[in-house]
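Pasting query_30.txt here (compact mmCIF, C-alpha atoms and all ligand atoms):
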# COMPACT_ATOMS: atom_id res chain seq x y z
CA MET A 1 -3.26 -1.94 14.59
CA SER A 2 0.50 -2.38 14.48
CA LEU A 3 1.91 -3.93 11.28
CA SER A 4 4.80 -6.36 11.27
CA SER A 5 7.03 -7.69 8.50
CA ASP A 6 10.47 -9.24 8.08
CA ARG A 7 10.87 -7.53 4.71
CA ILE A 8 13.28 -4.86 5.99
CA SER A 9 15.24 -7.10 8.32
CA GLY A 10 18.93 -6.33 7.71
CA LYS A 11 18.14 -3.64 5.15
CA VAL A 12 19.40 -0.06 5.34
CA CYS A 13 16.62 2.45 6.00
CA VAL A 14 17.35 6.17 6.23
CA VAL A 15 15.03 8.66 7.91
CA THR A 16 15.60 12.42 7.80
CA GLY A 17 14.38 14.77 10.51
CA ALA A 18 14.65 11.82 12.87
CA ALA A 19 15.87 13.50 16.04
CA LYS A 20 12.30 13.58 17.38
CA SER A 21 8.57 13.52 16.60
CA ILE A 22 7.35 11.63 13.51
CA GLY A 23 10.84 10.97 12.13
CA PHE A 24 12.11 9.35 15.31
CA ALA A 25 8.96 7.24 15.63
CA ILE A 26 9.46 5.92 12.07
CA ALA A 27 13.13 5.15 12.79
CA GLU A 28 12.11 3.31 15.96
CA LYS A 29 9.56 1.22 14.04
CA TYR A 30 12.16 0.30 11.40
CA ALA A 31 14.65 -0.62 14.13
CA GLU A 32 12.10 -2.83 15.90
CA GLN A 33 11.56 -4.65 12.60
CA GLY A 34 15.25 -5.45 12.25
CA ALA A 35 16.44 -2.76 9.83
CA LYS A 36 19.79 -1.01 9.99
CA VAL A 37 18.50 2.46 10.72
CA VAL A 38 20.18 5.74 9.90
CA LEU A 39 18.79 8.86 11.54
CA ILE A 40 19.62 12.23 9.99
CA ASP A 41 18.88 15.64 11.47
CA ILE A 42 20.33 19.15 11.68
CA ASP A 43 19.65 18.95 15.43
CA PRO A 44 22.57 17.33 17.32
CA LEU A 45 19.94 15.60 19.47
CA VAL A 46 19.84 13.02 16.65
CA GLU A 47 22.96 11.36 18.03
CA GLU A 48 21.27 10.85 21.39
CA SER A 49 18.11 9.62 19.64
CA ALA A 50 20.10 7.04 17.67
CA LYS A 51 21.88 5.99 20.86
CA THR A 52 18.57 5.25 22.61
CA LEU A 53 17.83 2.77 19.80
CA ALA A 54 21.36 1.32 19.79
CA ASP A 55 21.15 0.90 23.59
CA LYS A 56 18.12 -1.35 23.03
CA GLY A 57 20.28 -3.61 20.84
CA TYR A 58 19.17 -2.25 17.46
CA ILE A 59 21.54 -1.19 14.68
CA ALA A 60 21.17 2.59 14.56
CA LYS A 61 23.42 5.52 13.74
CA GLY A 62 22.77 9.26 13.86
CA TYR A 63 24.21 11.83 11.47
CA VAL A 64 24.10 15.57 12.17
CA LEU A 65 23.44 17.01 8.72
CA ASN A 66 21.86 20.07 7.16
CA ILE A 67 19.98 18.59 4.21
CA THR A 68 20.08 21.92 2.33
CA ASN A 69 23.84 21.51 1.78
CA ARG A 70 24.07 19.30 -1.33
CA ASP A 71 27.77 18.48 -1.04
CA ALA A 72 27.39 17.51 2.61
CA VAL A 73 24.32 15.39 1.83
CA LEU A 74 26.06 13.45 -0.94
CA LYS A 75 29.10 12.91 1.29
CA CYS A 76 26.88 11.68 4.14
CA PHE A 77 25.04 9.19 1.91
CA ALA A 78 28.35 7.90 0.54
CA ASP A 79 29.44 7.32 4.13
CA ILE A 80 26.17 5.52 4.95
CA GLU A 81 26.71 3.18 1.99
CA ALA A 82 30.33 2.54 2.96
CA THR A 83 29.34 1.80 6.56
CA TYR A 84 26.15 -0.23 6.16
CA GLY A 85 25.78 -1.13 2.47
CA ASP A 86 23.20 -0.14 -0.13
CA ILE A 87 20.19 1.85 0.96
CA TYR A 88 16.76 0.21 0.59
CA ALA A 89 14.43 2.89 2.00
CA LEU A 90 14.61 6.65 2.31
CA VAL A 91 12.03 8.63 4.26
CA ASN A 92 12.27 12.35 3.56
CA ASN A 93 10.56 13.46 6.74
CA ALA A 94 12.67 16.55 7.57
CA GLY A 95 10.61 19.66 7.04
CA VAL A 96 9.99 23.17 8.30
CA VAL A 97 6.82 25.22 8.53
CA ASP A 98 6.02 28.91 8.88
CA THR A 99 2.82 30.75 9.74
CA ARG A 100 2.24 34.43 8.88
CA PRO A 101 0.01 36.68 6.78
CA PHE A 102 0.69 36.40 3.04
CA GLU A 103 2.09 39.95 2.70
CA GLU A 104 4.85 39.21 5.22
CA ASN A 105 6.46 36.39 3.25
CA ASP A 106 9.85 37.79 2.27
CA GLU A 107 12.71 36.14 0.41
CA ALA A 108 14.17 34.60 3.57
CA ILE A 109 10.91 32.80 4.41
CA LEU A 110 10.41 31.56 0.84
CA ASP A 111 14.03 30.38 0.70
CA LYS A 112 13.68 28.51 3.98
CA MET A 113 10.44 26.75 3.03
CA PHE A 114 11.75 25.63 -0.35
CA LYS A 115 15.34 24.91 0.67
CA VAL A 116 14.45 22.44 3.41
CA ASN A 117 11.20 20.95 2.11
CA VAL A 118 12.06 20.75 -1.60
CA TYR A 119 15.82 21.15 -2.15
CA GLY A 120 16.70 19.04 0.89
CA THR A 121 14.32 16.27 -0.18
CA THR A 122 15.84 16.37 -3.67
CA TYR A 123 19.43 16.16 -2.41
CA CYS A 124 18.69 13.21 -0.11
CA ILE A 125 17.05 11.33 -2.98
CA GLN A 126 20.13 12.04 -5.10
CA GLY A 127 22.21 10.58 -2.28
CA ALA A 128 20.15 7.37 -2.06
CA LEU A 129 19.46 6.66 -5.74
CA PRO A 130 22.85 5.13 -6.67
CA SER A 131 22.25 2.41 -4.03
CA MET A 132 18.70 1.74 -5.08
CA LYS A 133 19.58 1.60 -8.77
CA ARG A 134 22.41 -0.81 -8.00
CA ILE A 135 20.20 -3.23 -6.06
CA LYS A 136 17.27 -2.64 -8.42
CA MET A 137 14.82 -1.93 -5.64
CA GLY A 138 13.94 0.82 -3.26
CA LYS A 139 11.24 2.72 -1.46
CA ILE A 140 11.29 6.51 -1.32
CA ILE A 141 8.68 8.15 0.89
CA ASN A 142 8.45 11.93 0.78
CA PHE A 143 6.66 14.07 3.31
CA ALA A 144 4.16 16.42 1.75
CA SER A 145 1.13 17.58 3.75
CA LYS A 146 -2.58 18.10 3.59
CA SER A 147 -1.52 21.73 2.93
CA GLY A 148 0.18 20.52 -0.28
CA LYS A 149 -3.20 19.31 -1.61
CA THR A 150 -5.34 22.23 -0.44
CA GLY A 151 -3.29 25.23 0.65
CA SER A 152 -3.65 26.43 4.23
CA ALA A 153 -4.38 30.04 5.17
CA LEU A 154 -1.36 31.80 6.70
CA MET A 155 0.93 29.08 5.31
CA ALA A 156 1.26 29.91 1.60
CA PRO A 157 5.02 29.24 1.15
CA TYR A 158 4.80 25.98 3.14
CA SER A 159 1.74 24.90 1.15
CA ALA A 160 3.50 25.73 -2.13
CA ALA A 161 6.62 23.81 -1.10
CA LYS A 162 4.59 20.76 -0.07
CA GLY A 163 2.66 20.94 -3.35
CA ALA A 164 6.05 20.90 -5.07
CA VAL A 165 6.98 17.76 -3.11
CA ILE A 166 3.87 16.04 -4.53
CA VAL A 167 4.73 16.75 -8.18
CA LEU A 168 8.41 16.02 -7.55
CA THR A 169 7.23 12.62 -6.29
CA GLN A 170 5.23 12.02 -9.48
CA ALA A 171 8.06 13.07 -11.82
CA LEU A 172 10.61 10.88 -10.04
CA ALA A 173 8.20 7.92 -9.93
CA PHE A 174 8.07 7.98 -13.74
CA GLU A 175 11.86 8.23 -13.96
CA VAL A 176 12.83 5.37 -11.67
CA ALA A 177 9.99 2.89 -12.15
CA LYS A 178 12.24 0.94 -14.54
CA ASP A 179 14.67 0.46 -11.62
CA ASN A 180 11.93 -1.07 -9.46
CA ILE A 181 11.94 1.94 -7.12
CA ASN A 182 8.63 3.08 -5.64
CA VAL A 183 8.31 6.79 -4.94
CA ASN A 184 5.34 7.97 -2.93
CA ALA A 185 4.39 10.90 -0.73
CA VAL A 186 2.36 11.07 2.45
CA CYS A 187 0.11 13.99 3.32
CA PRO A 188 -0.59 14.04 7.04
CA GLY A 189 -3.20 16.27 8.60
CA ILE A 190 -2.50 18.14 11.82
CA THR A 191 -0.42 15.67 13.81
CA ASP A 192 -0.53 16.00 17.55
CA ALA A 193 2.61 16.22 19.72
CA THR A 194 4.94 17.29 16.89
CA GLY A 195 7.19 20.25 16.17
CA VAL A 196 5.22 21.37 13.13
CA TRP A 197 1.89 21.50 14.99
CA SER A 198 3.50 23.22 17.95
CA SER A 199 4.83 25.93 15.62
CA VAL A 200 1.62 26.20 13.56
CA SER A 201 -0.67 26.38 16.58
CA LYS A 202 1.56 29.09 18.08
CA GLY A 203 1.33 30.99 14.79
CA TYR A 204 -2.45 30.65 14.76
CA VAL A 205 -2.72 31.89 18.35
CA GLU A 206 -0.78 35.02 17.34
CA ASN A 207 -2.41 35.65 13.96
CA MET A 208 -6.00 34.56 14.61
CA LYS A 209 -6.14 35.98 18.14
CA MET A 210 -7.68 32.75 19.47
CA GLU A 211 -6.78 30.59 22.46
CA ARG A 212 -4.93 27.37 21.64
CA ASP A 213 -7.77 25.13 22.94
CA ALA A 214 -10.25 26.92 20.68
CA ILE A 215 -7.93 26.42 17.72
CA VAL A 216 -7.55 22.70 18.44
CA LYS A 217 -11.36 22.41 18.72
CA LYS A 218 -11.92 24.34 15.48
CA PHE A 219 -9.56 22.09 13.49
CA THR A 220 -10.69 18.84 15.14
CA GLU A 221 -14.31 19.61 14.22
CA LYS A 222 -13.34 19.63 10.55
CA VAL A 223 -12.00 16.06 10.67
CA PRO A 224 -14.67 13.46 9.77
CA LEU A 225 -13.06 10.84 12.01
CA GLY A 226 -13.21 13.35 14.85
CA ARG A 227 -9.62 13.59 16.04
CA LEU A 228 -6.26 14.99 14.98
CA THR A 229 -3.68 12.71 13.34
CA ASP A 230 -1.65 10.66 15.77
CA ILE A 231 2.08 10.06 15.17
CA GLN A 232 1.40 6.30 15.02
CA ASP A 233 -1.16 6.82 12.22
CA VAL A 234 1.71 8.19 10.14
CA VAL A 235 4.28 5.62 11.28
CA GLU A 236 2.08 2.65 10.36
CA PHE A 237 1.25 4.08 6.93
CA VAL A 238 4.90 4.82 6.14
CA PHE A 239 5.79 1.29 7.29
CA PHE A 240 3.13 -0.16 4.99
CA LEU A 241 4.61 1.79 2.06
CA THR A 242 8.06 0.48 2.99
CA VAL A 243 7.29 -3.22 3.30
CA SER A 244 4.40 -3.59 0.90
CA ALA A 245 2.45 -1.41 -1.56
CA ASP A 246 4.69 -2.65 -4.39
CA TYR A 247 2.15 -1.65 -7.04
CA CYS A 248 1.84 1.96 -5.80
CA THR A 249 4.07 4.69 -7.12
CA GLY A 250 3.72 8.41 -7.74
CA GLN A 251 0.92 8.67 -5.20
CA ALA A 252 0.28 11.23 -2.47
CA PHE A 253 -1.62 9.50 0.31
CA ASN A 254 -3.75 11.50 2.74
CA ILE A 255 -3.45 10.59 6.42
CA THR A 256 -6.05 13.06 7.60
CA GLY A 257 -9.01 11.20 9.09
CA GLY A 258 -10.99 12.13 5.97
CA ARG A 259 -10.27 15.87 6.18
CA GLU A 260 -8.67 15.75 2.72
CA MET A 261 -10.24 13.46 0.13
CA HIS A 262 -8.49 14.04 -3.17
N1 LIG B 1 3.11 17.73 12.40
C1 LIG B 1 2.16 17.97 11.52
O1 LIG B 1 1.05 18.40 11.88
C2 LIG B 1 2.42 17.76 10.07
C3 LIG B 1 1.36 17.80 9.15
C4 LIG B 1 1.61 17.59 7.81
C5 LIG B 1 2.90 17.35 7.38
N2 LIG B 1 3.92 17.32 8.27
C6 LIG B 1 5.27 17.07 7.78
O2 LIG B 1 5.78 15.93 8.47
C7 LIG B 1 7.19 16.07 8.64
C8 LIG B 1 7.55 15.91 10.11
O3 LIG B 1 6.83 16.85 10.87
P1 LIG B 1 7.05 16.99 12.44
O4 LIG B 1 5.93 17.77 12.97
O5 LIG B 1 7.39 15.68 13.04
O6 LIG B 1 8.32 17.95 12.44
P2 LIG B 1 9.31 18.35 13.63
O7 LIG B 1 9.53 19.82 13.51
O8 LIG B 1 8.86 17.81 14.93
O9 LIG B 1 10.60 17.57 13.17
C9 LIG B 1 11.22 17.87 11.95
C10 LIG B 1 12.69 17.57 12.07
O10 LIG B 1 13.34 18.04 10.86
C11 LIG B 1 14.59 18.56 11.24
N3 LIG B 1 15.10 19.49 10.24
C12 LIG B 1 14.63 20.74 9.95
N4 LIG B 1 15.41 21.34 9.05
C13 LIG B 1 16.39 20.45 8.74
C14 LIG B 1 17.53 20.50 7.87
N5 LIG B 1 17.80 21.59 7.15
N6 LIG B 1 18.32 19.42 7.80
C15 LIG B 1 18.06 18.32 8.54
N7 LIG B 1 17.02 18.22 9.39
C16 LIG B 1 16.19 19.28 9.48
C17 LIG B 1 14.32 19.27 12.57
O11 LIG B 1 15.49 19.51 13.32
C18 LIG B 1 13.35 18.32 13.24
O12 LIG B 1 14.00 17.41 14.11
C19 LIG B 1 7.55 17.44 8.07
O13 LIG B 1 8.02 17.30 6.73
C20 LIG B 1 6.24 18.18 8.09
O14 LIG B 1 6.18 19.23 7.15
C21 LIG B 1 3.71 17.50 9.60
Will you turn the file into structure tokens for me?
Ligand SMILES: NC(=O)c1ccc[n+]([C@@H]2O[C@H](COP(=O)([O-])OP(=O)(O)OC[C@H]3O[C@@H](n4cnc5c(N)ncnc54)[C@H](O)[C@@H]3O)[C@@H](O)[C@H]2O)c1
Amino acid sequence: MSLSSDRISGKVCVVTGAAKSIGFAIAEKYAEQGAKVVLIDIDPLVEESAKTLADKGYIAKGYVLNITNRDAVLKCFADIEATYGDIYALVNNAGVVDTRPFEENDEAILDKMFKVNVYGTTYCIQGALPSMKRIKMGKIINFASKSGKTGSALMAPYSAAKGAVIVLTQALAFEVAKDNINVNAVCPGITDATGVWSSVSKGYVENMKMERDAIVKKFTEKVPLGRLTDIQDVVEFVFFLTVSADYCTGQAFNITGGREMH
């Protein structure tokens, strides 16, 4: 089912990690619903991605930005405000994953997992909060993961970082509830046709010495609803959190076909 709402028509919605995959699909949904969409990504492809939306007549702009650089993030958000006005929604979708045996996680890997997934999310929220506090409303949607609820083998630093995103979400929800800002997290399961799953499945092939098809079968069998997560499953849930769900804050919602239940 595809949801529809005029609630974000004309409003500024920012999506990070939006050059492709889940992030781009969310930006596209927002654009179709009349929002002014800002796509952020470290990958220069984001400009082309924004152009494909603008070419369809939507209001869309791409920013090439490394979200781990706090000064650059704050400058970018100030520019977004100056160009389009106050920000209503922020989707912290940008994230990176890594797959390797626990003993091999050195400082560089830990830094990368926390700097993008946790620090970057924090900086983008800091960039968007002045707008949201000014207009006394806002929706912040952070990307955690099923691995942030129950850690995944071979992905300890990623799991720890996504767990941190969940408690960051709770702490911030308490802090900004008085400003009428909802802060929630989503926890997708393995989502097909995405960068993260491509990287994770490659890591599993190397570390578990199994063929990719066997790995897909093994993980699909663990999902009660019998299939991997589809990008649209995530898009529709994020959209619901953006245009409705006004009485939900500080939550971490599983989008896992029942694979994760707490
Ligand atoms: N795909 C899955 O199976 C899955 C499952 C659970 C959670 N997630 C989470 O969902 C989100 C999206 O996943 P995806 O598979 O679509 O990812 P993806 O790898 O396809 O896309 C992520 C985007 O983030 C961007 N990015 C990375 N580092 C950045 C930085 N420093 N600054 C700005 N942009 C940066 C990348 O360039 C990329 O375009 C991630 O946070 C991921 O951890 C994904």
Skip Ile42 in chain A itself and residues of its chain fewer than 3 positions away, then list as a ChimeraX atom specification all residues within 9 Å of it, counting all atoms listed in the file.
/A:17,19,45-46,63-67
Output file for the residues above (C-alpha atoms, as a short mmCIF file (atom, residue, chain, number, x, y, z; two decimals), in the coordinates of the input):
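Contents of the output file again04.cif:
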data_model
loop_
_atom_site.label_atom_id
_atom_site.label_comp_id
_atom_site.auth_asym_id
_atom_site.auth_seq_id
_atom_site.Cartn_x
_atom_site.Cartn_y
_atom_site.Cartn_z
CA GLY A 17 14.38 14.77 10.51
CA ALA A 19 15.87 13.50 16.04
CA LEU A 45 19.94 15.60 19.47
CA VAL A 46 19.84 13.02 16.65
CA TYR A 63 24.21 11.83 11.47
CA VAL A 64 24.10 15.57 12.17
CA LEU A 65 23.44 17.01 8.72
CA ASN A 66 21.86 20.07 7.16
CA ILE A 67 19.98 18.59 4.21
#
From the set A:Val196, A:Asn184, A:Phe219, A:Ile255, which residue has the shortest atom-to-atom contact distance to Glu236 in chain A, counting only C-alpha atoms?
A:Ile255
Which residues are near ligand LIG 1 (chain B) - at most 7 Å, using all atoms listed in the file? Format: as a JSON list (two decimals) with C-alpha atoms, in the frame of the given file.
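As a result, part27.json now contains:
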[["chain", "number", "residue", "atom", "x", "y", "z"],
["A", 16, "THR", "CA", 15.60, 12.42, 7.80],
["A", 17, "GLY", "CA", 14.38, 14.77, 10.51],
["A", 18, "ALA", "CA", 14.65, 11.82, 12.87],
["A", 19, "ALA", "CA", 15.87, 13.50, 16.04],
["A", 20, "LYS", "CA", 12.30, 13.58, 17.38],
["A", 21, "SER", "CA", 8.57, 13.52, 16.60],
["A", 22, "ILE", "CA", 7.35, 11.63, 13.51],
["A", 23, "GLY", "CA", 10.84, 10.97, 12.13],
["A", 40, "ILE", "CA", 19.62, 12.23, 9.99],
["A", 41, "ASP", "CA", 18.88, 15.64, 11.47],
["A", 42, "ILE", "CA", 20.33, 19.15, 11.68],
["A", 43, "ASP", "CA", 19.65, 18.95, 15.43],
["A", 65, "LEU", "CA", 23.44, 17.01, 8.72],
["A", 66, "ASN", "CA", 21.86, 20.07, 7.16],
["A", 67, "ILE", "CA", 19.98, 18.59, 4.21],
["A", 68, "THR", "CA", 20.08, 21.92, 2.33],
["A", 93, "ASN", "CA", 10.56, 13.46, 6.74],
["A", 94, "ALA", "CA", 12.67, 16.55, 7.57],
["A", 95, "GLY", "CA", 10.61, 19.66, 7.04],
["A", 96, "VAL", "CA", 9.99, 23.17, 8.30],
["A", 97, "VAL", "CA", 6.82, 25.22, 8.53],
["A", 116, "VAL", "CA", 14.45, 22.44, 3.41],
["A", 117, "ASN", "CA", 11.20, 20.95, 2.11],
["A", 120, "GLY", "CA", 16.70, 19.04, 0.89],
["A", 143, "PHE", "CA", 6.66, 14.07, 3.31],
["A", 144, "ALA", "CA", 4.16, 16.42, 1.75],
["A", 145, "SER", "CA", 1.13, 17.58, 3.75],
["A", 146, "LYS", "CA", -2.58, 18.10, 3.59],
["A", 187, "CYS", "CA", 0.11, 13.99, 3.32],
["A", 188, "PRO", "CA", -0.59, 14.04, 7.04],
["A", 189, "GLY", "CA", -3.20, 16.27, 8.60],
["A", 190, "ILE", "CA", -2.50, 18.14, 11.82],
["A", 191, "THR", "CA", -0.42, 15.67, 13.81],
["A", 192, "ASP", "CA", -0.53, 16.00, 17.55],
["A", 194, "THR", "CA", 4.94, 17.29, 16.89],
["A", 195, "GLY", "CA", 7.19, 20.25, 16.17],
["A", 196, "VAL", "CA", 5.22, 21.37, 13.13],
["A", 197, "TRP", "CA", 1.89, 21.50, 14.99]]
Around the point (5.1, 13.8, -1.3), in the coordinates given by the file, pick out the residues reaching within 8 Å, counting only C-alpha atoms, and return them as a VMD selection string.
chain A and resid 141 to 145 162 to 163 165 to 169 184 to 187 251 to 252
Atomic distance CA of Leu241 in chain A - CA of Thr150 in chain A, expressed in Å with one decimal
22.9 Å
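With all atoms listed in the file as the atoms that count, the minimum distance from Asp79 in chain A to the choices A:Ser5, A:Thr229, A:Thr242, A:Ser131 is reached by A:Ser131.
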Mind checking which residues fall within 12 Å of Ile135 in chain A, counting all atoms listed in the file, ignoring those fewer than 4 positions away in the same chain, and posting them as a PyMOL selection string?
chain A and resi 11-12+85-89+128-131+139+179-181
Could you please determine the separation between CA of Lys178 in chain A and CA of Lys115 in chain A in Å, to one decimal place?
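Pair CA of Lys178 in chain A / CA of Lys115 in chain A returns 28.6 Å.
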Distance query Leu172 in chain A at most 8 Å, only C-alpha atoms, self and fewer than 4 positions along chain excluded, as JSON, numbers by chain
{"A": [168, 176, 183, 250]}
Between A:Val118, A:Cys124, A:Ile59, A:Val200, which residue has the minimum interatomic distance to Ala161 in chain A, considering only C-alpha atoms?
A:Val118
To one decimal place, how far is CA of Glu103 in chain A from CA of Ala160 in chain A in Å?
15.1 Å
Within 12 Å of range 208-213 of chain A, which residues of range 59-156 of chain A come that close, and what is the closest atom pair and distance in Å for each? Count only C-alpha atoms and give it as JSON lines.
{"residue": "A:Thr99", "atom": "CA", "partner": "A:Met208", "partner_atom": "CA", "distance": 10.8}
{"residue": "A:Arg100", "atom": "CA", "partner": "A:Met208", "partner_atom": "CA", "distance": 10.0}
{"residue": "A:Pro101", "atom": "CA", "partner": "A:Met208", "partner_atom": "CA", "distance": 10.1}
{"residue": "A:Ala153", "atom": "CA", "partner": "A:Met208", "partner_atom": "CA", "distance": 10.6}
{"residue": "A:Leu154", "atom": "CA", "partner": "A:Met208", "partner_atom": "CA", "distance": 9.6}
Please provide as an mmCIF file with C-alpha atoms, in the coordinates of the input all residues within 12 Å of Ser2 in chain A, with the sequence filter that same-chain residues fewer than 5 positions apart are discarded (counting all atoms listed in the file).
data_model
loop_
_atom_site.group_PDB
_atom_site.id
_atom_site.type_symbol
_atom_site.label_atom_id
_atom_site.label_comp_id
_atom_site.auth_asym_id
_atom_site.auth_seq_id
_atom_site.Cartn_x
_atom_site.Cartn_y
_atom_site.Cartn_z
ATOM 1 C CA LYS A 29 9.560 1.220 14.040
ATOM 2 C CA GLU A 32 12.100 -2.830 15.900
ATOM 3 C CA GLN A 33 11.560 -4.650 12.600
ATOM 4 C CA GLN A 232 1.400 6.300 15.020
ATOM 5 C CA ASP A 233 -1.160 6.820 12.220
ATOM 6 C CA VAL A 234 1.710 8.190 10.140
ATOM 7 C CA VAL A 235 4.280 5.620 11.280
ATOM 8 C CA GLU A 236 2.080 2.650 10.360
ATOM 9 C CA PHE A 237 1.250 4.080 6.930
ATOM 10 C CA VAL A 238 4.900 4.820 6.140
ATOM 11 C CA PHE A 239 5.790 1.290 7.290
ATOM 12 C CA PHE A 240 3.130 -0.160 4.990
#
Which is closest to Lys222 in chain A among A:Ala193, A:Asp246, A:Glu28, A:Thr256, if we use all atoms listed in the file?
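Once distances to Lys222 in chain A are computed over all atoms listed in the file, the minimum belongs to A:Thr256.
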